[in-house]
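J.: Sharing structure.txt, compact mmCIF, C-alpha atoms:
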# COMPACT_ATOMS: atom_id res chain seq x y z
CA MET C 1 90.69 103.47 109.87
CA PRO C 2 87.15 104.13 109.15
CA LEU C 3 84.86 101.37 107.62
CA GLN C 4 84.08 102.50 104.10
CA PRO C 5 80.74 101.04 103.01
CA ALA C 6 79.73 100.20 99.49
CA THR C 7 78.15 102.80 97.25
CA PRO C 8 74.43 103.07 98.02
CA ILE C 9 71.90 101.79 95.50
CA ARG C 10 69.51 104.44 94.22
CA HIS C 11 66.47 103.66 92.18
CA ALA C 12 65.43 107.19 91.21
CA GLU C 13 67.55 110.28 90.67
CA PRO C 14 66.16 113.59 92.00
CA ASP C 15 66.27 116.75 89.92
CA PRO C 16 69.65 118.58 89.84
CA ALA C 17 68.64 121.34 92.28
CA ALA C 18 67.35 118.85 94.84
CA GLN C 19 70.44 116.67 94.38
CA ASN C 20 72.74 119.66 94.94
CA ALA C 21 70.93 120.45 98.18
CA GLN C 22 71.27 116.83 99.24
CA ASN C 23 74.97 116.90 98.33
CA VAL C 24 75.56 119.91 100.58
CA LYS C 25 73.87 118.15 103.51
CA GLY C 26 75.81 114.97 102.75
CA ILE C 27 79.11 116.85 102.73
CA GLY C 28 78.41 118.25 106.19
CA LEU C 29 77.47 114.83 107.57
CA MET C 30 80.48 113.16 105.98
CA LEU C 31 82.90 115.75 107.40
CA MET C 32 81.40 115.28 110.87
CA GLY C 33 81.68 111.53 110.45
CA PHE C 34 85.36 111.70 109.54
CA PHE C 35 85.98 114.10 112.41
CA LEU C 36 84.56 111.47 114.75
CA PHE C 37 86.60 108.70 113.10
CA ALA C 38 89.78 110.73 113.63
CA SER C 39 88.76 111.28 117.24
CA GLY C 40 88.43 107.51 117.56
CA ASP C 41 91.92 107.06 116.12
CA VAL C 42 93.53 109.32 118.71
CA GLN C 43 91.60 107.65 121.53
CA ALA C 44 92.74 104.26 120.21
CA LYS C 45 96.36 105.46 120.24
CA LEU C 46 95.99 106.69 123.83
CA LEU C 47 94.52 103.34 124.86
CA THR C 48 97.53 101.43 123.45
CA ASP C 49 99.46 102.52 126.56
CA THR C 50 97.28 100.18 128.62
CA PHE C 51 95.46 97.71 126.40
CA HIS C 52 96.32 95.17 123.72
CA PRO C 53 95.48 96.42 120.20
CA LEU C 54 93.05 93.52 119.72
CA GLN C 55 91.01 94.63 122.72
CA ILE C 56 90.97 98.21 121.43
CA VAL C 57 89.79 97.10 118.00
CA TRP C 58 87.09 94.98 119.64
CA LEU C 59 85.90 98.00 121.61
CA ARG C 60 85.74 100.07 118.43
CA SER C 61 83.97 97.26 116.59
CA ALA C 62 81.50 96.96 119.47
CA GLY C 63 80.74 100.64 118.98
CA LEU C 64 80.07 100.01 115.30
CA THR C 65 77.83 97.10 116.26
CA LEU C 66 75.94 99.51 118.52
CA GLY C 67 75.47 101.71 115.48
CA VAL C 68 74.16 98.70 113.53
CA ILE C 69 71.66 97.96 116.31
CA VAL C 70 70.39 101.53 115.97
CA LEU C 71 70.27 100.99 112.21
CA LEU C 72 68.25 97.79 112.66
CA ALA C 73 65.76 99.63 114.88
CA TRP C 74 65.57 102.42 112.30
CA ARG C 75 65.40 100.40 109.06
CA GLY C 76 64.26 96.95 110.22
CA THR C 77 65.86 93.51 110.40
CA HIS C 78 65.35 92.92 106.67
CA ILE C 79 68.73 94.58 106.07
CA LEU C 80 70.37 91.39 107.37
CA ARG C 81 69.14 89.48 104.31
CA ALA C 82 72.24 89.33 102.15
CA HIS C 83 72.18 87.96 98.62
CA ARG C 84 75.89 87.12 98.87
CA PRO C 85 76.69 86.36 102.53
CA GLY C 86 80.06 84.76 101.75
CA PRO C 87 81.74 87.92 100.38
CA GLN C 88 80.03 89.92 103.12
CA ILE C 89 81.68 87.79 105.80
CA VAL C 90 85.07 87.98 104.08
CA ARG C 91 84.71 91.77 103.99
CA GLY C 92 84.07 91.77 107.73
CA LEU C 93 87.20 89.69 108.33
CA ALA C 94 89.23 92.11 106.21
CA ALA C 95 87.82 95.01 108.24
CA ALA C 96 88.87 93.38 111.51
CA GLY C 97 92.37 92.64 110.20
CA SER C 98 92.83 96.13 108.76
CA ALA C 99 91.78 97.83 112.00
CA PHE C 100 94.00 95.56 114.12
CA LEU C 101 97.08 96.28 112.00
CA PHE C 102 96.41 100.03 112.01
CA VAL C 103 95.94 100.27 115.79
CA THR C 104 99.06 98.15 116.36
CA ALA C 105 101.02 100.53 114.13
CA VAL C 106 99.85 103.80 115.75
CA LYS C 107 101.21 102.57 119.06
CA HIS C 108 104.69 103.13 117.57
CA VAL C 109 104.38 105.81 114.86
CA PRO C 110 102.89 109.34 114.75
CA LEU C 111 99.18 109.39 114.00
CA ALA C 112 99.46 111.82 111.08
CA SER C 113 102.11 109.67 109.36
CA ALA C 114 100.03 106.52 109.82
CA VAL C 115 96.92 108.21 108.41
CA ALA C 116 98.92 109.57 105.45
CA VAL C 117 100.40 106.17 104.58
CA SER C 118 96.96 104.56 104.88
CA PHE C 119 95.91 106.61 101.85
CA VAL C 120 97.86 104.32 99.53
CA ALA C 121 94.70 102.16 99.73
CA PRO C 122 93.03 103.88 96.72
CA PHE C 123 96.11 103.13 94.63
CA MET C 124 96.06 99.51 95.76
CA LEU C 125 92.38 99.48 94.85
CA THR C 126 93.21 100.66 91.33
CA ILE C 127 95.71 97.81 90.98
CA ALA C 128 93.27 95.25 92.40
CA GLY C 129 90.49 96.53 90.16
CA ALA C 130 92.69 96.10 87.10
CA VAL C 131 93.95 92.64 88.07
CA LEU C 132 90.91 91.08 89.77
CA LEU C 133 87.93 92.91 88.28
CA ARG C 134 89.47 93.48 84.83
CA GLU C 135 88.65 97.18 85.03
CA PRO C 136 90.29 99.32 82.36
CA VAL C 137 93.11 101.47 83.74
CA GLY C 138 94.73 103.95 81.39
CA PRO C 139 98.29 105.27 81.50
CA ARG C 140 97.24 108.41 83.40
CA ARG C 141 95.76 106.43 86.28
CA TRP C 142 98.81 104.14 86.34
CA ALA C 143 100.98 107.25 86.54
CA ALA C 144 98.87 108.50 89.47
CA VAL C 145 99.42 105.16 91.23
CA VAL C 146 103.20 105.43 90.81
CA VAL C 147 103.25 109.04 92.00
CA GLY C 148 101.10 108.13 95.01
CA PHE C 149 103.53 105.41 96.05
CA VAL C 150 106.39 107.88 95.68
CA GLY C 151 104.53 110.16 98.08
CA MET C 152 104.22 107.26 100.54
CA LEU C 153 107.97 106.61 100.32
CA ILE C 154 108.64 110.29 101.06
CA VAL C 155 106.50 110.05 104.20
CA ILE C 156 108.14 106.88 105.56
CA ARG C 157 111.66 107.47 104.10
CA PRO C 158 113.08 103.96 104.49
CA GLY C 159 116.81 103.93 105.12
CA LEU C 160 117.02 107.59 106.18
CA GLY C 161 116.86 107.13 109.94
CA VAL C 162 113.19 108.06 110.41
CA PHE C 163 111.69 104.77 109.28
CA HIS C 164 109.94 102.63 111.87
CA PRO C 165 109.10 99.01 110.89
CA ALA C 166 105.60 99.43 112.33
CA ILE C 167 104.70 101.71 109.41
CA LEU C 168 104.70 98.58 107.25
CA LEU C 169 101.70 97.42 109.27
CA VAL C 170 99.85 100.48 107.96
CA VAL C 171 100.76 99.45 104.42
CA ALA C 172 99.37 95.97 105.14
CA ALA C 173 96.25 97.53 106.67
CA ALA C 174 95.82 99.61 103.52
CA GLY C 175 96.04 96.40 101.47
CA LEU C 176 93.21 94.84 103.47
CA PHE C 177 91.28 98.09 103.18
CA ALA C 178 91.63 97.90 99.38
CA ALA C 179 90.43 94.28 99.50
CA ARG C 180 87.34 95.46 101.40
CA GLN C 181 86.66 98.02 98.70
CA VAL C 182 86.99 95.43 95.94
CA LEU C 183 84.39 93.35 97.77
CA SER C 184 82.24 96.47 98.14
CA ARG C 185 82.23 96.86 94.38
CA LEU C 186 81.28 93.23 93.92
CA LEU C 187 78.46 93.56 96.45
CA SER C 188 77.11 96.99 95.48
CA GLY C 189 74.92 95.57 92.72
CA THR C 190 73.21 92.99 94.93
CA ASP C 191 73.24 94.14 98.56
CA SER C 192 72.40 97.55 100.01
CA ILE C 193 74.84 99.73 101.89
CA GLU C 194 73.00 98.99 105.15
CA THR C 195 73.41 95.25 104.65
CA THR C 196 77.12 95.61 103.94
CA VAL C 197 77.71 97.77 107.01
CA ALA C 198 75.72 95.40 109.23
CA TYR C 199 77.59 92.31 108.07
CA THR C 200 80.95 94.06 108.37
CA ALA C 201 80.35 95.20 111.96
CA LEU C 202 78.80 91.94 113.16
CA THR C 203 81.44 89.74 111.49
CA ALA C 204 84.34 91.83 112.80
CA THR C 205 82.95 91.90 116.32
CA GLY C 206 82.25 88.18 116.25
CA VAL C 207 85.71 87.09 115.10
CA LEU C 208 87.48 89.48 117.48
CA SER C 209 85.39 88.18 120.37
CA ILE C 210 86.93 84.73 119.91
CA ALA C 211 90.42 85.95 120.84
CA LEU C 212 89.31 88.67 123.26
CA PRO C 213 89.46 86.51 126.46
CA PHE C 214 93.19 85.90 125.89
CA VAL C 215 94.10 89.62 125.94
CA TRP C 216 91.33 91.21 128.01
CA ILE C 217 92.38 93.66 130.70
CA ALA C 218 89.79 95.25 132.95
CA PRO C 219 89.88 99.05 132.66
CA PRO C 220 91.98 100.18 135.66
CA ASP C 221 90.77 103.75 136.10
CA ALA C 222 88.24 106.42 135.15
CA ARG C 223 90.47 107.73 132.35
CA SER C 224 90.46 104.33 130.66
CA TRP C 225 86.70 104.05 130.97
CA ALA C 226 86.26 107.55 129.50
CA LEU C 227 88.46 106.70 126.52
CA ILE C 228 86.68 103.38 125.97
CA VAL C 229 83.24 104.98 126.04
CA GLY C 230 84.48 107.78 123.79
CA LEU C 231 85.99 105.32 121.30
CA SER C 232 82.82 103.25 121.10
CA LEU C 233 80.52 106.25 120.78
CA THR C 234 82.62 108.03 118.15
CA ALA C 235 82.82 104.81 116.12
CA ALA C 236 79.05 104.31 116.26
CA LEU C 237 78.10 107.95 115.62
CA GLY C 238 80.70 108.31 112.87
CA GLU C 239 79.37 105.24 111.08
CA ILE C 240 75.78 106.44 111.33
CA LEU C 241 76.73 109.86 109.91
CA VAL C 242 78.68 108.33 107.02
CA ILE C 243 75.81 105.96 106.21
CA ARG C 244 73.37 108.86 106.21
CA ALA C 245 75.71 110.98 104.06
CA LEU C 246 76.09 108.23 101.47
CA ASP C 247 72.35 107.71 101.52
CA MET C 248 71.56 111.31 100.55
CA ALA C 249 74.57 112.53 98.53
CA GLN C 250 76.43 111.30 95.46
CA ALA C 251 79.44 109.11 96.25
CA VAL C 252 81.66 110.94 93.73
CA VAL C 253 81.00 114.19 95.61
CA LEU C 254 81.80 112.68 99.00
CA ALA C 255 84.86 110.60 98.10
CA PRO C 256 87.46 113.45 98.20
CA LEU C 257 86.38 114.33 101.74
CA HIS C 258 88.12 111.17 102.94
CA TYR C 259 91.37 113.13 102.80
CA SER C 260 90.16 115.39 105.61
CA LEU C 261 91.35 112.57 107.89
CA ILE C 262 94.93 113.70 107.28
CA LEU C 263 94.07 117.18 108.56
CA TRP C 264 92.29 115.85 111.65
CA GLY C 265 95.06 113.32 112.27
CA THR C 266 97.66 116.09 112.22
CA ILE C 267 95.65 118.35 114.56
CA TYR C 268 94.86 115.55 117.00
CA GLY C 269 98.45 114.29 116.88
CA PHE C 270 99.74 117.71 117.86
CA ILE C 271 97.16 118.29 120.63
CA ALA C 272 97.44 114.84 122.20
CA PHE C 273 101.07 113.90 121.60
CA GLY C 274 102.91 117.04 120.51
CA ASP C 275 103.63 115.47 117.11
CA LEU C 276 103.98 117.78 114.14
CA PRO C 277 104.89 116.43 110.69
CA ASP C 278 108.18 117.67 109.28
CA HIS C 279 108.38 119.32 105.86
CA TRP C 280 109.11 116.04 104.05
CA THR C 281 106.03 114.41 105.57
CA ILE C 282 103.95 117.41 104.45
CA VAL C 283 105.39 117.11 100.93
CA GLY C 284 104.62 113.39 100.87
CA CYS C 285 101.06 113.98 102.12
CA ALA C 286 100.51 116.63 99.43
CA ILE C 287 101.68 114.22 96.74
CA ILE C 288 99.46 111.41 98.04
CA ILE C 289 96.42 113.71 98.22
CA ALA C 290 97.00 115.16 94.75
CA SER C 291 97.48 111.71 93.22
CA GLY C 292 94.44 110.37 95.05
CA LEU C 293 92.22 113.23 93.91
CA TYR C 294 93.38 112.71 90.34
CA THR C 295 92.61 108.99 90.64
CA LEU C 296 89.11 109.85 91.89
CA HIS C 297 88.71 112.25 88.97
CA ARG C 298 89.64 109.54 86.46
CA GLU C 299 87.30 107.13 88.23
CA ARG C 300 84.48 109.64 87.92
CA LEU C 301 85.15 110.00 84.18
CA ARG C 302 85.21 106.21 83.83
CA MET C 303 81.84 105.87 85.58
CA LYS C 304 80.36 108.63 83.36
CA GLY C 305 81.56 106.68 80.36
CA ARG C 306 79.50 103.71 81.52
CA ALA C 307 76.33 105.76 81.78
As structure tokens, what does this structure read like?
T.:
Amino acid sequence: MPLQPATPIRHAEPDPAAQNAQNVKGIGLMLMGFFLFASGDVQAKLLTDTFHPLQIVWLRSAGLTLGVIVLLAWRGTHILRAHRPGPQIVRGLAAAGSAFLFVTAVKHVPLASAVAVSFVAPFMLTIAGAVLLREPVGPRRWAAVVVGFVGMLIVIRPGLGVFHPAILLVVAAAGLFAARQVLSRLLSGTDSIETTVAYTALTATGVLSIALPFVWIAPPDARSWALIVGLSLTAALGEILVIRALDMAQAVVLAPLHYSLILWGTIYGFIAFGDLPDHWTIVGCAIIIASGLYTLHRERLRMKGRA
């Protein structure tokens, strides 16, 4: 699962025509970023045949850290000055845990199903926002949450012979992902997006490095090395593209593009593993996407009401 940074802080709004042009560029960058993230997911699944999920997550995190190093060279080391380092570190720990659970799960379940179930995170975020941040949630958004969870149940179908216990790891990963987003909201008013991304990557890599010696396996062949390099590069490049997209375009315009991961996950799953979702999985995905887009719509209206 891709790291989703906090909303960027802007101090001056450009005129509408300039902002629309920036939005178009941001959409292109965001789509390319998610394409690379999905590529990283399929490479991670291929690597689970040889390596422990923790090692795979460390390799991906190391790629993100490489992206942060590029960011530091580009923007300067001042981005490491966090006003709230405690929540930043906790966010990095949640990122490491979420990625580890997701990679462990895709070793056992189809990639498209895992990606689809991971999209219950926005609904968990709505619940967490209401409970922890005291954000107002009306009956329509609560209904969208319920419908979204129904879509998830259609995808995993517990008790109908297609359920694999590993899919519950994706649900847990989505919970940690939602926790990261709650922290992003808390941090967005004090720390920049670059600071949040840097702390997330460095914290995740650091904590994973502690356990890495206990599971490390030297890459045995050229194929493994190619996948490792590909995973690290796609993670780094994807993160850089997403950062740049969020820096130039409005977050409310970019947010729905997150669902393109389901499309890429399905295509990659078919090409690499011959997995095609059945009609019930497609129905469940459609329900999750529709509910998620409606939740984003209500969130956009809520933010306009604050303005």
J.: CA of Trp280 in chain C and CA of Ile154 in chain C, how far apart in Å?
T.: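 One can read the CA of Ile154 in chain C to CA of Trp280 in chain C distance as 6.5 Å.
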J.: For Leu66 in chain C, which residue out of C:Gly269, C:Gly238, C:Pro53, C:Pro136 is the nearest one, using all atoms listed in the file?
T.: C:Gly238
J.: Compare C:Leu296, C:Ile27, C:Val137, C:Ala112 by their minimum atom-to-atom distance to Asp275 in chain C, counting all atoms listed in the file, and give me the closest one.
T.: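 So, comparing all the options, the nearest one is C:Ala112.
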J.: Please list as a PyMOL selection string every residue within 7 Å of range 218-229 of chain C, counting all atoms listed in the file and excluding residues in the same chain fewer than 4 positions away.
T.: chain C and resi 43+59+233
J.: May I have the residues within 10 Å of Thr104 in chain C as an NGL selection string, using all atoms listed in the file and disregarding those fewer than 4 positions away in the same chain?
T.: :C and (44-45 or 48 or 52-54 or 56-57 or 99-100 or 108-109 or 166-167 or 169-170)
J.: Got a sec: who's within 10 Å of Leu93 in chain C, counting all atoms listed in the file, leaving out chain neighbours fewer than 3 positions off, as number ranges by chain?
T.: C: 87-90, 96-98, 176, 180, 199-208
J.: Which residues of range 159-235 of chain C come within 7 Å of range 115-131 of chain C, and what is each one's closest atom pair and distance in Å (one decimal), counting all atoms listed in the file, sorted by chain and residue number, as a Markdown table?
T.:
| residue | atom | partner | partner_atom | distance |
| --- | --- | --- | --- | --- |
| C:Val170 | CA | C:Ser118 | CA | 5.9 |
| C:Val171 | CA | C:Ser118 | CA | 6.4 |
| C:Ala174 | CA | C:Ala121 | CA | 4.7 |
| C:Gly175 | CA | C:Ala121 | CA | 6.2 |
| C:Phe177 | CA | C:Ala121 | CA | 6.3 |
| C:Ala178 | CA | C:Leu125 | CA | 4.9 |
| C:Val182 | CA | C:Leu125 | CA | 6.8 |
J.: Any idea what's packed within 9 Å of Leu241 in chain C, counting only C-alpha atoms, ignoring anything in its chain fewer than 6 positions away? Could you give it as a PyMOL selection string?
T.: chain C and resi 26+29-34
J.: Name the closest residue to Glu239 in chain C among the candidates C:Leu46, C:Ile193, C:Ala21, C:Ala94; distances are taken between atoms, counting all atoms listed in the file.
T.: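 Using all atoms listed in the file, the shortest distance to Glu239 in chain C belongs to C:Ile193.
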J.: Return the single residue from C:Gln55, C:Ser113, C:Asn20, C:Thr281 that is closest to Ile217 in chain C, with distances computed using all atoms listed in the file.
T.: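 Between C:Gln55, C:Ser113, C:Asn20, C:Thr281, the residue approaching Ile217 in chain C most closely is C:Gln55.
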J.: From the list C:Met248, C:Leu72, C:Ser260, C:Val283, which residue is nearest Ala18 in chain C when using all atoms listed in the file?
T.: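 Residue with the minimum atom-to-atom distance to Ala18 in chain C: C:Met248.
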J.: When distances are computed from only C-alpha atoms, which of C:Leu187, C:Ala105, C:Ala144, C:Val215 shows the smallest separation from Pro165 in chain C?
T.: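 Under the stated criterion, the closest residue is C:Ala105.
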J.: Between CA of Pro256 in chain C and CA of Ala143 in chain C, what is the distance, to one decimal in Å?
T.: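 Value for the CA of Pro256 in chain C-CA of Ala143 in chain C distance: 18.9 Å.
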J.: Box for range 51-70 of chain C: with edges along x, y and z, all listed atoms inside and 3 Å added on each side, what are the centre and edge lengths in Å to one decimal, as lines of an AutoDock Vina configuration file?
T.:
center_x = 83.4
center_y = 97.6
center_z = 120.0
size_x = 31.9
size_y = 14.2
size_z = 18.9
J.: Just how far from CA of Pro110 in chain C is CA of Ile156 in chain C, in Å to one decimal?
T.: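 Answer for the CA of Ile156 in chain C to CA of Pro110 in chain C separation: 10.9 Å.
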J.: Excluding Gly274 in chain C and residues on its chain fewer than 3 positions from it, collect all residues at most 12 Å away from it, counting all atoms listed in the file, and give them as a ChimeraX atom specification.
T.: /C:110-112,265-271,277
J.: Can those selected residues be exported to a file as a short mmCIF file (atom, residue, chain, number, x, y, z; two decimals), in the coordinates of the input so that it contains C-alpha atoms?
T.:
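Output file out-v4.cif is given in full below:
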data_model
loop_
_atom_site.label_atom_id
_atom_site.label_comp_id
_atom_site.auth_asym_id
_atom_site.auth_seq_id
_atom_site.Cartn_x
_atom_site.Cartn_y
_atom_site.Cartn_z
CA PRO C 110 102.89 109.34 114.75
CA LEU C 111 99.18 109.39 114.00
CA ALA C 112 99.46 111.82 111.08
CA GLY C 265 95.06 113.32 112.27
CA THR C 266 97.66 116.09 112.22
CA ILE C 267 95.65 118.35 114.56
CA TYR C 268 94.86 115.55 117.00
CA GLY C 269 98.45 114.29 116.88
CA PHE C 270 99.74 117.71 117.86
CA ILE C 271 97.16 118.29 120.63
CA PRO C 277 104.89 116.43 110.69
#
